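*Asks:* Data file final_11.pdb (PDB, C-alpha atoms) is appended below.
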```
MODEL        1
ATOM      1  CA  MET E   1      -5.378  36.350  52.435  1.00  0.00           C
ATOM      2  CA  LYS E   2      -3.399  33.535  53.936  1.00  0.00           C
ATOM      3  CA  ASN E   3      -3.685  30.037  52.572  1.00  0.00           C
ATOM      4  CA  PHE E   4      -2.843  26.793  54.262  1.00  0.00           C
ATOM      5  CA  VAL E   5      -0.213  24.640  52.608  1.00  0.00           C
ATOM      6  CA  THR E   6       0.015  20.911  53.118  1.00  0.00           C
ATOM      7  CA  ILE E   7       2.778  18.467  52.220  1.00  0.00           C
ATOM      8  CA  ARG E   8       2.153  15.329  50.219  1.00  0.00           C
ATOM      9  CA  LEU E   9       4.268  12.658  48.591  1.00  0.00           C
ATOM     10  CA  PHE E  10       5.296  13.484  45.018  1.00  0.00           C
ATOM     11  CA  LYS E  11       7.610  10.630  43.976  1.00  0.00           C
ATOM     12  CA  ALA E  12       9.118   7.762  45.939  1.00  0.00           C
ATOM     13  CA  PHE E  13      12.446   6.341  44.767  1.00  0.00           C
ATOM     14  CA  ASN E  14      14.798   3.801  46.337  1.00  0.00           C
ATOM     15  CA  ARG E  15      16.982   6.405  48.008  1.00  0.00           C
ATOM     16  CA  VAL E  16      14.820   9.512  48.295  1.00  0.00           C
ATOM     17  CA  ASN E  17      11.189  10.419  48.860  1.00  0.00           C
ATOM     18  CA  TYR E  18      10.303  13.648  47.112  1.00  0.00           C
ATOM     19  CA  TYR E  19       7.378  15.492  48.631  1.00  0.00           C
ATOM     20  CA  THR E  20       5.540  18.494  47.231  1.00  0.00           C
ATOM     21  CA  LEU E  21       3.489  21.397  48.549  1.00  0.00           C
ATOM     22  CA  GLN E  22      -0.230  21.785  47.991  1.00  0.00           C
ATOM     23  CA  VAL E  23      -1.620  25.267  48.477  1.00  0.00           C
ATOM     24  CA  GLU E  24      -5.219  25.341  49.667  1.00  0.00           C
ATOM     25  CA  GLY E  25      -7.617  26.133  46.823  1.00  0.00           C
ATOM     26  CA  ARG E  26      -5.234  25.299  43.980  1.00  0.00           C
ATOM     27  CA  GLY E  27      -6.057  22.421  41.683  1.00  0.00           C
ATOM     28  CA  GLN E  28      -2.625  20.872  41.640  1.00  0.00           C
ATOM     29  CA  SER E  29       0.539  20.775  43.704  1.00  0.00           C
ATOM     30  CA  GLU E  30       3.307  23.297  43.164  1.00  0.00           C
ATOM     31  CA  THR E  31       5.584  20.709  41.547  1.00  0.00           C
ATOM     32  CA  ASP E  32       2.873  19.295  39.281  1.00  0.00           C
ATOM     33  CA  SER E  33       2.151  22.853  38.224  1.00  0.00           C
ATOM     34  CA  PHE E  34       5.846  23.388  37.376  1.00  0.00           C
ATOM     35  CA  PHE E  35       6.190  20.262  35.234  1.00  0.00           C
ATOM     36  CA  ASP E  36       2.802  20.752  33.552  1.00  0.00           C
ATOM     37  CA  ARG E  37       3.825  24.254  32.617  1.00  0.00           C
ATOM     38  CA  PHE E  38       7.109  23.298  30.979  1.00  0.00           C
ATOM     39  CA  GLU E  39       6.356  19.834  29.616  1.00  0.00           C
ATOM     40  CA  GLN E  40       5.229  21.053  26.190  1.00  0.00           C
ATOM     41  CA  ASP E  41       7.550  24.054  25.846  1.00  0.00           C
ATOM     42  CA  ALA E  42       9.662  23.068  22.838  1.00  0.00           C
ATOM     43  CA  SER E  43      12.311  25.707  23.576  1.00  0.00           C
ATOM     44  CA  LEU E  44      12.939  24.177  27.015  1.00  0.00           C
ATOM     45  CA  THR E  45      12.695  20.469  26.272  1.00  0.00           C
ATOM     46  CA  LYS E  46      16.368  19.801  26.988  1.00  0.00           C
ATOM     47  CA  ASP E  47      16.266  21.830  30.200  1.00  0.00           C
ATOM     48  CA  VAL E  48      13.227  20.118  31.665  1.00  0.00           C
ATOM     49  CA  ASP E  49      14.517  16.682  30.589  1.00  0.00           C
ATOM     50  CA  LEU E  50      17.754  17.385  32.470  1.00  0.00           C
ATOM     51  CA  LEU E  51      15.918  18.434  35.615  1.00  0.00           C
ATOM     52  CA  VAL E  52      13.818  15.291  35.633  1.00  0.00           C
ATOM     53  CA  THR E  53      16.933  13.183  35.008  1.00  0.00           C
ATOM     54  CA  TRP E  54      18.757  14.786  37.940  1.00  0.00           C
ATOM     55  CA  ILE E  55      15.821  14.255  40.284  1.00  0.00           C
ATOM     56  CA  THR E  56      15.438  10.649  39.182  1.00  0.00           C
ATOM     57  CA  GLU E  57      19.159   9.825  39.331  1.00  0.00           C
ATOM     58  CA  ILE E  58      19.525  11.330  42.802  1.00  0.00           C
ATOM     59  CA  GLY E  59      16.374   9.573  43.963  1.00  0.00           C
ATOM     60  CA  ARG E  60      17.137   6.155  42.543  1.00  0.00           C
ATOM     61  CA  ARG E  61      20.841   5.739  43.035  1.00  0.00           C
ATOM     62  CA  ARG E  62      22.574   8.395  45.077  1.00  0.00           C
ATOM     63  CA  GLY E  63      20.579  10.049  47.811  1.00  0.00           C
ATOM     64  CA  ALA E  64      20.041  13.771  48.197  1.00  0.00           C
ATOM     65  CA  LYS E  65      23.541  14.793  49.219  1.00  0.00           C
ATOM     66  CA  ALA E  66      23.872  18.477  50.016  1.00  0.00           C
ATOM     67  CA  ARG E  67      26.416  19.053  47.274  1.00  0.00           C
ATOM     68  CA  TYR E  68      23.899  18.178  44.566  1.00  0.00           C
ATOM     69  CA  PHE E  69      21.785  21.206  45.488  1.00  0.00           C
ATOM     70  CA  ARG E  70      22.127  24.945  45.105  1.00  0.00           C
ATOM     71  CA  PHE E  71      21.697  27.080  48.192  1.00  0.00           C
ATOM     72  CA  GLU E  72      18.971  29.690  47.802  1.00  0.00           C
ATOM     73  CA  ASN E  73      18.828  31.411  51.192  1.00  0.00           C
ATOM     74  CA  ASP E  74      16.844  29.005  53.414  1.00  0.00           C
ATOM     75  CA  ALA E  75      15.724  26.920  50.448  1.00  0.00           C
ATOM     76  CA  ASN E  76      17.612  24.933  47.813  1.00  0.00           C
ATOM     77  CA  ALA E  77      17.274  24.494  44.078  1.00  0.00           C
ATOM     78  CA  LEU E  78      18.109  22.200  41.210  1.00  0.00           C
ATOM     79  CA  PRO E  79      20.064  21.986  39.022  1.00  0.00           C
ATOM     80  CA  PRO E  80      23.415  22.533  40.804  1.00  0.00           C
ATOM     81  CA  PRO E  81      25.289  25.782  41.353  1.00  0.00           C
ATOM     82  CA  ALA E  82      24.863  28.755  39.059  1.00  0.00           C
ATOM     83  CA  ARG E  83      28.597  29.239  38.716  1.00  0.00           C
ATOM     84  CA  ILE E  84      28.895  25.768  37.249  1.00  0.00           C
ATOM     85  CA  MET E  85      25.922  26.221  34.978  1.00  0.00           C
ATOM     86  CA  ALA E  86      27.377  29.488  33.705  1.00  0.00           C
ATOM     87  CA  GLU E  87      30.622  27.779  32.792  1.00  0.00           C
ATOM     88  CA  LEU E  88      28.771  25.078  30.926  1.00  0.00           C
ATOM     89  CA  GLY E  89      26.968  27.744  28.961  1.00  0.00           C
ATOM     90  CA  ASP E  90      23.730  29.541  29.633  1.00  0.00           C
ATOM     91  CA  ASP E  91      21.849  27.075  27.505  1.00  0.00           C
ATOM     92  CA  TYR E  92      22.784  24.122  29.732  1.00  0.00           C
ATOM     93  CA  CYS E  93      19.750  24.496  31.971  1.00  0.00           C
ATOM     94  CA  ARG E  94      17.801  27.710  32.234  1.00  0.00           C
ATOM     95  CA  LEU E  95      15.144  26.340  34.567  1.00  0.00           C
ATOM     96  CA  ARG E  96      15.272  26.474  38.337  1.00  0.00           C
ATOM     97  CA  LEU E  97      13.189  24.222  40.553  1.00  0.00           C
ATOM     98  CA  TYR E  98      13.140  25.320  44.176  1.00  0.00           C
ATOM     99  CA  CYS E  99      13.116  22.734  46.894  1.00  0.00           C
ATOM    100  CA  ILE E 100      13.818  22.182  50.557  1.00  0.00           C
ATOM    101  CA  ARG E 101      16.305  19.420  51.258  1.00  0.00           C
ATOM    102  CA  LEU E 102      15.566  18.091  54.727  1.00  0.00           C
ATOM    103  CA  THR E 103      17.889  15.057  54.762  1.00  0.00           C
ATOM    104  CA  ASP E 104      19.739  12.794  52.332  1.00  0.00           C
ATOM    105  CA  GLU E 105      16.441  10.897  52.015  1.00  0.00           C
ATOM    106  CA  VAL E 106      13.759  13.580  52.181  1.00  0.00           C
ATOM    107  CA  VAL E 107      13.361  16.494  49.776  1.00  0.00           C
ATOM    108  CA  ILE E 108      10.335  18.743  49.399  1.00  0.00           C
ATOM    109  CA  LEU E 109      10.014  20.042  45.853  1.00  0.00           C
ATOM    110  CA  ALA E 110       8.304  23.385  45.363  1.00  0.00           C
ATOM    111  CA  ASN E 111       7.808  25.356  42.154  1.00  0.00           C
ATOM    112  CA  GLY E 112      10.203  27.171  39.857  1.00  0.00           C
ATOM    113  CA  GLY E 113      10.570  28.875  36.544  1.00  0.00           C
ATOM    114  CA  LEU E 114      12.760  30.268  33.850  1.00  0.00           C
ATOM    115  CA  LYS E 115      15.877  32.177  34.820  1.00  0.00           C
ATOM    116  CA  THR E 116      15.964  35.136  32.481  1.00  0.00           C
ATOM    117  CA  GLY E 117      18.280  37.486  34.355  1.00  0.00           C
ATOM    118  CA  ARG E 118      21.607  37.207  36.126  1.00  0.00           C
ATOM    119  CA  THR E 119      19.947  36.989  39.535  1.00  0.00           C
ATOM    120  CA  VAL E 120      16.603  35.773  40.778  1.00  0.00           C
ATOM    121  CA  GLN E 121      15.628  39.410  41.396  1.00  0.00           C
ATOM    122  CA  ASP E 122      16.154  40.036  37.669  1.00  0.00           C
ATOM    123  CA  SER E 123      13.955  37.076  36.733  1.00  0.00           C
ATOM    124  CA  PRO E 124      10.317  38.005  37.319  1.00  0.00           C
ATOM    125  CA  ASP E 125       9.134  34.481  36.594  1.00  0.00           C
ATOM    126  CA  LEU E 126      11.296  33.128  39.391  1.00  0.00           C
ATOM    127  CA  LEU E 127      10.993  35.691  42.127  1.00  0.00           C
ATOM    128  CA  THR E 128       7.574  34.725  43.487  1.00  0.00           C
ATOM    129  CA  LYS E 129       8.552  31.037  43.452  1.00  0.00           C
ATOM    130  CA  PHE E 130      11.819  31.825  45.222  1.00  0.00           C
ATOM    131  CA  ARG E 131       9.982  33.774  47.927  1.00  0.00           C
ATOM    132  CA  PHE E 132       7.380  31.038  48.370  1.00  0.00           C
ATOM    133  CA  ALA E 133      10.047  28.313  48.711  1.00  0.00           C
ATOM    134  CA  ASN E 134      11.942  30.365  51.268  1.00  0.00           C
ATOM    135  CA  LYS E 135       8.792  31.111  53.225  1.00  0.00           C
ATOM    136  CA  MET E 136       8.035  27.394  53.381  1.00  0.00           C
ATOM    137  CA  ALA E 137      11.665  26.534  54.212  1.00  0.00           C
ATOM    138  CA  GLY E 138      11.669  28.935  57.156  1.00  0.00           C
ATOM    139  CA  GLN E 139       8.509  27.375  58.586  1.00  0.00           C
ATOM    140  CA  LEU E 140       9.786  23.847  58.018  1.00  0.00           C
ATOM    141  CA  MET E 141      13.053  24.593  59.827  1.00  0.00           C
ATOM    142  CA  GLU E 142      11.071  25.883  62.806  1.00  0.00           C
ATOM    143  CA  LEU E 143       8.908  22.768  62.833  1.00  0.00           C
ATOM    144  CA  ILE E 144      12.008  20.582  62.802  1.00  0.00           C
ATOM    145  CA  GLN E 145      13.581  22.527  65.651  1.00  0.00           C
ATOM    146  CA  THR E 146      10.443  22.250  67.788  1.00  0.00           C
ATOM    147  CA  GLY E 147      10.083  18.557  66.991  1.00  0.00           C
ATOM    148  CA  GLU E 148       6.767  19.034  65.205  1.00  0.00           C
ATOM    149  CA  LEU E 149       8.218  17.679  61.977  1.00  0.00           C
ATOM    150  CA  VAL E 150       9.996  14.366  62.293  1.00  0.00           C
ATOM    151  CA  THR E 151      11.607  12.343  59.524  1.00  0.00           C
ATOM    152  CA  GLU E 152      12.414   8.664  59.748  1.00  0.00           C
ATOM    153  CA  GLY E 153      14.325   7.309  56.787  1.00  0.00           C
ATOM    154  CA  LYS E 154      12.511   8.468  53.679  1.00  0.00           C
ATOM    155  CA  GLU E 155       9.295   9.290  55.516  1.00  0.00           C
ATOM    156  CA  ILE E 156       7.902  12.424  57.093  1.00  0.00           C
ATOM    157  CA  MET E 157       6.227  10.778  60.051  1.00  0.00           C
ATOM    158  CA  ASN E 158       3.452  13.156  61.043  1.00  0.00           C
ATOM    159  CA  LEU E 159       2.596  14.443  57.596  1.00  0.00           C
ATOM    160  CA  GLU E 160      -1.131  14.940  58.157  1.00  0.00           C
ATOM    161  CA  GLU E 161      -0.504  17.106  61.223  1.00  0.00           C
ATOM    162  CA  ILE E 162       1.665  19.634  59.410  1.00  0.00           C
ATOM    163  CA  ASP E 163       0.116  22.846  58.140  1.00  0.00           C
ATOM    164  CA  LEU E 164       2.186  25.618  56.659  1.00  0.00           C
ATOM    165  CA  ILE E 165       0.926  29.099  55.810  1.00  0.00           C
ATOM    166  CA  ASP E 166       1.510  30.982  52.582  1.00  0.00           C
TER     167      ASP E 166
ATOM    168  CA  MET R   1       0.905   9.174  34.341  1.00  0.00           C
ATOM    169  CA  ASP R   2       1.705  12.759  35.375  1.00  0.00           C
ATOM    170  CA  ALA R   3       3.879  15.336  33.590  1.00  0.00           C
ATOM    171  CA  PHE R   4       7.006  14.293  35.515  1.00  0.00           C
ATOM    172  CA  ASP R   5       6.590  10.657  34.421  1.00  0.00           C
ATOM    173  CA  ARG R   6       5.858  11.666  30.836  1.00  0.00           C
ATOM    174  CA  ILE R   7       9.001  13.805  30.714  1.00  0.00           C
ATOM    175  CA  ALA R   8      11.049  10.985  32.265  1.00  0.00           C
ATOM    176  CA  ALA R   9       9.711   8.566  29.643  1.00  0.00           C
ATOM    177  CA  ARG R  10      10.557  10.807  26.711  1.00  0.00           C
ATOM    178  CA  THR R  11      14.060  11.833  27.910  1.00  0.00           C
ATOM    179  CA  PRO R  12      16.722  10.429  25.558  1.00  0.00           C
ATOM    180  CA  MET R  13      18.860   7.607  26.928  1.00  0.00           C
ATOM    181  CA  GLN R  14      21.942   9.678  26.084  1.00  0.00           C
ATOM    182  CA  THR R  15      20.867  12.408  28.524  1.00  0.00           C
ATOM    183  CA  ARG R  16      20.279   9.863  31.268  1.00  0.00           C
ATOM    184  CA  ARG R  17      23.600   8.093  30.688  1.00  0.00           C
ATOM    185  CA  SER R  18      25.454  11.390  30.511  1.00  0.00           C
ATOM    186  CA  VAL R  19      24.065  12.639  33.852  1.00  0.00           C
ATOM    187  CA  ALA R  20      24.723   9.254  35.488  1.00  0.00           C
ATOM    188  CA  LYS R  21      28.318   9.012  34.232  1.00  0.00           C
ATOM    189  CA  MET R  22      29.226  12.566  35.200  1.00  0.00           C
ATOM    190  CA  LEU R  23      27.854  11.938  38.673  1.00  0.00           C
ATOM    191  CA  ASP R  24      29.646   8.580  38.871  1.00  0.00           C
ATOM    192  CA  VAL R  25      32.985  10.274  38.223  1.00  0.00           C
ATOM    193  CA  ALA R  26      32.302  13.102  40.688  1.00  0.00           C
ATOM    194  CA  ASP R  27      31.128  10.685  43.380  1.00  0.00           C
ATOM    195  CA  ARG R  28      34.167   8.443  42.864  1.00  0.00           C
ATOM    196  CA  ILE R  29      36.537  11.384  43.320  1.00  0.00           C
ATOM    197  CA  HIS R  30      34.651  12.473  46.455  1.00  0.00           C
ATOM    198  CA  SER R  31      34.875   8.956  47.812  1.00  0.00           C
ATOM    199  CA  ILE R  32      38.657   8.753  47.262  1.00  0.00           C
ATOM    200  CA  LEU R  33      39.148  12.167  48.867  1.00  0.00           C
ATOM    201  CA  GLU R  34      37.191  11.033  51.941  1.00  0.00           C
ATOM    202  CA  GLN R  35      39.048   7.739  52.105  1.00  0.00           C
ATOM    203  CA  LYS R  36      42.408   9.530  51.965  1.00  0.00           C
ATOM    204  CA  GLN R  37      41.187  12.288  54.278  1.00  0.00           C
ATOM    205  CA  MET R  38      41.997  14.869  51.636  1.00  0.00           C
ATOM    206  CA  SER R  39      40.101  18.075  50.963  1.00  0.00           C
ATOM    207  CA  GLN R  40      39.249  19.664  47.628  1.00  0.00           C
ATOM    208  CA  LYS R  41      41.923  22.206  48.513  1.00  0.00           C
ATOM    209  CA  ASP R  42      44.535  19.433  48.826  1.00  0.00           C
ATOM    210  CA  LEU R  43      43.577  18.156  45.386  1.00  0.00           C
ATOM    211  CA  ALA R  44      43.697  21.686  43.974  1.00  0.00           C
ATOM    212  CA  THR R  45      47.200  22.145  45.365  1.00  0.00           C
ATOM    213  CA  ALA R  46      48.377  18.814  43.957  1.00  0.00           C
ATOM    214  CA  LEU R  47      47.070  19.730  40.498  1.00  0.00           C
ATOM    215  CA  HIS R  48      48.153  23.407  40.632  1.00  0.00           C
ATOM    216  CA  LYS R  49      44.543  24.437  40.105  1.00  0.00           C
ATOM    217  CA  SER R  50      42.200  26.792  41.952  1.00  0.00           C
ATOM    218  CA  GLU R  51      39.801  25.340  44.490  1.00  0.00           C
ATOM    219  CA  SER R  52      36.871  26.706  42.500  1.00  0.00           C
ATOM    220  CA  GLU R  53      38.063  24.786  39.444  1.00  0.00           C
ATOM    221  CA  ILE R  54      38.171  21.574  41.470  1.00  0.00           C
ATOM    222  CA  SER R  55      34.747  22.347  42.908  1.00  0.00           C
ATOM    223  CA  LYS R  56      33.447  22.655  39.360  1.00  0.00           C
ATOM    224  CA  TRP R  57      34.988  19.314  38.417  1.00  0.00           C
ATOM    225  CA  LEU R  58      33.407  17.614  41.404  1.00  0.00           C
ATOM    226  CA  SER R  59      29.924  19.012  40.860  1.00  0.00           C
ATOM    227  CA  GLY R  60      28.822  16.129  38.698  1.00  0.00           C
ATOM    228  CA  THR R  61      27.712  18.487  35.968  1.00  0.00           C
ATOM    229  CA  HIS R  62      31.082  19.127  34.360  1.00  0.00           C
ATOM    230  CA  ASN R  63      32.098  17.265  31.222  1.00  0.00           C
ATOM    231  CA  LEU R  64      35.613  16.260  32.292  1.00  0.00           C
ATOM    232  CA  GLU R  65      38.122  15.428  29.585  1.00  0.00           C
ATOM    233  CA  LEU R  66      39.835  12.057  29.774  1.00  0.00           C
ATOM    234  CA  LYS R  67      43.243  13.690  30.215  1.00  0.00           C
ATOM    235  CA  THR R  68      41.892  15.641  33.200  1.00  0.00           C
ATOM    236  CA  ILE R  69      40.576  12.447  34.754  1.00  0.00           C
ATOM    237  CA  ILE R  70      44.013  10.868  34.287  1.00  0.00           C
ATOM    238  CA  ARG R  71      45.673  13.838  35.995  1.00  0.00           C
ATOM    239  CA  ILE R  72      43.276  13.456  38.927  1.00  0.00           C
ATOM    240  CA  GLU R  73      43.979   9.707  39.057  1.00  0.00           C
ATOM    241  CA  GLU R  74      47.709  10.435  39.234  1.00  0.00           C
ATOM    242  CA  ALA R  75      47.239  13.028  41.975  1.00  0.00           C
ATOM    243  CA  LEU R  76      45.073  10.676  44.019  1.00  0.00           C
ATOM    244  CA  GLY R  77      46.987   7.483  43.265  1.00  0.00           C
ATOM    245  CA  GLU R  78      43.736   5.656  42.505  1.00  0.00           C
ATOM    246  CA  ASP R  79      41.722   4.667  39.444  1.00  0.00           C
ATOM    247  CA  ILE R  80      38.618   6.736  38.773  1.00  0.00           C
ATOM    248  CA  LEU R  81      37.537   5.062  35.550  1.00  0.00           C
ATOM    249  CA  THR R  82      37.978   1.378  34.882  1.00  0.00           C
ATOM    250  CA  VAL R  83      37.152  -0.370  31.634  1.00  0.00           C
ATOM    251  CA  PRO R  84      36.105  -4.028  31.604  1.00  0.00           C
ATOM    252  CA  GLN R  85      38.897  -6.126  30.066  1.00  0.00           C
ATOM    253  CA  THR R  86      38.001  -8.793  27.539  1.00  0.00           C
ATOM    254  CA  VAL R  87      40.382 -11.787  27.444  1.00  0.00           C
TER     255      VAL R  87
ENDMDL
END
```
Translate this file's structure into structure tokens.
*Replies:*
Amino acid sequence: MKNFVTIRLFKAFNRVNYYTLQVEGRGQSETDSFFDRFEQDASLTKDVDLLVTWITEIGRRRGAKARYFRFENDANALPPPARIMAELGDDYCRLRLYCIRLTDEVVILANGGLKTGRTVQDSPDLLTKFRFANKMAGQLMELIQTGELVTEGKEIMNLEEIDLID
Amino acid sequence: MDAFDRIAARTPMQTRRSVAKMLDVADRIHSILEQKQMSQKDLATALHKSESEISKWLSGTHNLELKTIIRIEEALGEDILTVPQTV
């Protein structure tokens, strides 16, 4: 069964508006679900704290420059590139939060999970979230190309008219 | 207050300062490279390092040693870190 997915504002900072995705019939947005899930996990406190700090720092002071984000096919992810994380040690940040970076001022956060294997395919917790983010990214790119999704500064202008399909 | 805000509120100041400083250094190096119309490859060549090593340094997640920062400053001919002077 296909579900409609809408976009709504998640957090607004000086430099970046972060939006999130709300799947029809689910009680909370994808990003709220991610942070709710990991907030109380004592083994991942440092990891989730780092993710929130990155999102906040980029949003408040820097803007969502492409180099701050990992490329994950059509989607993106935080924190930054796996190669770098690996060199800092596997314990640096084991969480991945998928997102779709539209501009330096507009980022749509999706959901994510714990990276347990070397690749996303080896990490069952991540794979469905990776596929969902890419599915949404593909549709969003099409909407941008056809002019159905327009951003102006930090805003997505015609937010209420946009429906995605999961 | 949602989970994101609660996590932000509990995050130690040291984590926040650390992320901000590492990004400050990376952004400053990027800015000098742009200003001098240099690429990461140019910087890698000047420092006899691989481009991937430089890319790692400029990610904003790498804990650069002071001596490495000084080497980059010398290669770029610009200050990256400045310390307020007390008279």
*Asks:* For Val25 of chain R, list every protein, DNA or RNA residue within 9 Å, evaluated using only C-alpha atoms, and leave out those in the same chain fewer than 4 positions away; present the list as a list in words.
*Replies:* Ala20, Lys21, Ile29, His30, Leu58, Gly60, Leu64, Ile69, Ile80 and Leu81 of chain R
*Asks:* Only residues of chain E matter here; which ones have an atom within 12 Å of chain R, counting all atoms listed in the file? Give them as a PyMOL selection string.
*Replies:* chain E and resi 10-11+28-29+31-41+44-63+65-70+78-89+92-93
*Asks:* Take the residues that were just selected and, keeping C-alpha atoms, output them as a PDB file, in the coordinates of the input.
*Replies:*
```pdb
ATOM      1  CA  PHE E  10       5.296  13.484  45.018  1.00  0.00           C
ATOM      2  CA  LYS E  11       7.610  10.630  43.976  1.00  0.00           C
ATOM      3  CA  GLN E  28      -2.625  20.872  41.640  1.00  0.00           C
ATOM      4  CA  SER E  29       0.539  20.775  43.704  1.00  0.00           C
ATOM      5  CA  THR E  31       5.584  20.709  41.547  1.00  0.00           C
ATOM      6  CA  ASP E  32       2.873  19.295  39.281  1.00  0.00           C
ATOM      7  CA  SER E  33       2.151  22.853  38.224  1.00  0.00           C
ATOM      8  CA  PHE E  34       5.846  23.388  37.376  1.00  0.00           C
ATOM      9  CA  PHE E  35       6.190  20.262  35.234  1.00  0.00           C
ATOM     10  CA  ASP E  36       2.802  20.752  33.552  1.00  0.00           C
ATOM     11  CA  ARG E  37       3.825  24.254  32.617  1.00  0.00           C
ATOM     12  CA  PHE E  38       7.109  23.298  30.979  1.00  0.00           C
ATOM     13  CA  GLU E  39       6.356  19.834  29.616  1.00  0.00           C
ATOM     14  CA  GLN E  40       5.229  21.053  26.190  1.00  0.00           C
ATOM     15  CA  ASP E  41       7.550  24.054  25.846  1.00  0.00           C
ATOM     16  CA  LEU E  44      12.939  24.177  27.015  1.00  0.00           C
ATOM     17  CA  THR E  45      12.695  20.469  26.272  1.00  0.00           C
ATOM     18  CA  LYS E  46      16.368  19.801  26.988  1.00  0.00           C
ATOM     19  CA  ASP E  47      16.266  21.830  30.200  1.00  0.00           C
ATOM     20  CA  VAL E  48      13.227  20.118  31.665  1.00  0.00           C
ATOM     21  CA  ASP E  49      14.517  16.682  30.589  1.00  0.00           C
ATOM     22  CA  LEU E  50      17.754  17.385  32.470  1.00  0.00           C
ATOM     23  CA  LEU E  51      15.918  18.434  35.615  1.00  0.00           C
ATOM     24  CA  VAL E  52      13.818  15.291  35.633  1.00  0.00           C
ATOM     25  CA  THR E  53      16.933  13.183  35.008  1.00  0.00           C
ATOM     26  CA  TRP E  54      18.757  14.786  37.940  1.00  0.00           C
ATOM     27  CA  ILE E  55      15.821  14.255  40.284  1.00  0.00           C
ATOM     28  CA  THR E  56      15.438  10.649  39.182  1.00  0.00           C
ATOM     29  CA  GLU E  57      19.159   9.825  39.331  1.00  0.00           C
ATOM     30  CA  ILE E  58      19.525  11.330  42.802  1.00  0.00           C
ATOM     31  CA  GLY E  59      16.374   9.573  43.963  1.00  0.00           C
ATOM     32  CA  ARG E  60      17.137   6.155  42.543  1.00  0.00           C
ATOM     33  CA  ARG E  61      20.841   5.739  43.035  1.00  0.00           C
ATOM     34  CA  ARG E  62      22.574   8.395  45.077  1.00  0.00           C
ATOM     35  CA  GLY E  63      20.579  10.049  47.811  1.00  0.00           C
ATOM     36  CA  LYS E  65      23.541  14.793  49.219  1.00  0.00           C
ATOM     37  CA  ALA E  66      23.872  18.477  50.016  1.00  0.00           C
ATOM     38  CA  ARG E  67      26.416  19.053  47.274  1.00  0.00           C
ATOM     39  CA  TYR E  68      23.899  18.178  44.566  1.00  0.00           C
ATOM     40  CA  PHE E  69      21.785  21.206  45.488  1.00  0.00           C
ATOM     41  CA  ARG E  70      22.127  24.945  45.105  1.00  0.00           C
ATOM     42  CA  LEU E  78      18.109  22.200  41.210  1.00  0.00           C
ATOM     43  CA  PRO E  79      20.064  21.986  39.022  1.00  0.00           C
ATOM     44  CA  PRO E  80      23.415  22.533  40.804  1.00  0.00           C
ATOM     45  CA  PRO E  81      25.289  25.782  41.353  1.00  0.00           C
ATOM     46  CA  ALA E  82      24.863  28.755  39.059  1.00  0.00           C
ATOM     47  CA  ARG E  83      28.597  29.239  38.716  1.00  0.00           C
ATOM     48  CA  ILE E  84      28.895  25.768  37.249  1.00  0.00           C
ATOM     49  CA  MET E  85      25.922  26.221  34.978  1.00  0.00           C
ATOM     50  CA  ALA E  86      27.377  29.488  33.705  1.00  0.00           C
ATOM     51  CA  GLU E  87      30.622  27.779  32.792  1.00  0.00           C
ATOM     52  CA  LEU E  88      28.771  25.078  30.926  1.00  0.00           C
ATOM     53  CA  GLY E  89      26.968  27.744  28.961  1.00  0.00           C
ATOM     54  CA  TYR E  92      22.784  24.122  29.732  1.00  0.00           C
ATOM     55  CA  CYS E  93      19.750  24.496  31.971  1.00  0.00           C
TER      56      CYS E  93
END
```
*Asks:* Determine the residue set returned by the PyMOL selection byres ((chain E and resi 24) around 8) for the present structure, and present it as a ChimeraX atom specification.
*Replies:* /E:3-6,22-23,25-26
*Asks:* Which of these residues is nearest to Gly138 of chain E, using all atoms listed in the file: E:Leu21, E:Leu95, E:Leu164, E:Leu109?
*Replies:*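 Among the listed residues, E:Leu164 lies closest to Gly138 of chain E.
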*Asks:* Using the chain letters and numbers from this file, what does the PyMOL selection byres ((chain R and resi 40) around 12) select? Give the answer as a PyMOL selection string.
*Replies:* chain R and resi 26+29-34+36-39+41-59+72+75-76
*Asks:* Let me see the file: selected residues, C-alpha atoms, as a short mmCIF file (atom, residue, chain, number, x, y, z; two decimals), keeping the file's coordinate frame.
*Replies:*
```cif
data_model
loop_
_atom_site.label_atom_id
_atom_site.label_comp_id
_atom_site.auth_asym_id
_atom_site.auth_seq_id
_atom_site.Cartn_x
_atom_site.Cartn_y
_atom_site.Cartn_z
CA ALA R 26 32.30 13.10 40.69
CA ILE R 29 36.54 11.38 43.32
CA HIS R 30 34.65 12.47 46.46
CA SER R 31 34.88 8.96 47.81
CA ILE R 32 38.66 8.75 47.26
CA LEU R 33 39.15 12.17 48.87
CA GLU R 34 37.19 11.03 51.94
CA LYS R 36 42.41 9.53 51.96
CA GLN R 37 41.19 12.29 54.28
CA MET R 38 42.00 14.87 51.64
CA SER R 39 40.10 18.08 50.96
CA LYS R 41 41.92 22.21 48.51
CA ASP R 42 44.54 19.43 48.83
CA LEU R 43 43.58 18.16 45.39
CA ALA R 44 43.70 21.69 43.97
CA THR R 45 47.20 22.14 45.36
CA ALA R 46 48.38 18.81 43.96
CA LEU R 47 47.07 19.73 40.50
CA HIS R 48 48.15 23.41 40.63
CA LYS R 49 44.54 24.44 40.10
CA SER R 50 42.20 26.79 41.95
CA GLU R 51 39.80 25.34 44.49
CA SER R 52 36.87 26.71 42.50
CA GLU R 53 38.06 24.79 39.44
CA ILE R 54 38.17 21.57 41.47
CA SER R 55 34.75 22.35 42.91
CA LYS R 56 33.45 22.66 39.36
CA TRP R 57 34.99 19.31 38.42
CA LEU R 58 33.41 17.61 41.40
CA SER R 59 29.92 19.01 40.86
CA ILE R 72 43.28 13.46 38.93
CA ALA R 75 47.24 13.03 41.98
CA LEU R 76 45.07 10.68 44.02
#
```
*Asks:* Specify as a list in words each residue included when the PyMOL selection byres ((chain E and resi 112) around 7) is applied to this file.
*Replies:*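 The output of the PyMOL selection byres ((chain E and resi 112) around 7) on this file is Phe34, Arg96, Leu97, Tyr98, Ala110, Asn111, Gly113, Leu126 and Lys129 of chain E.
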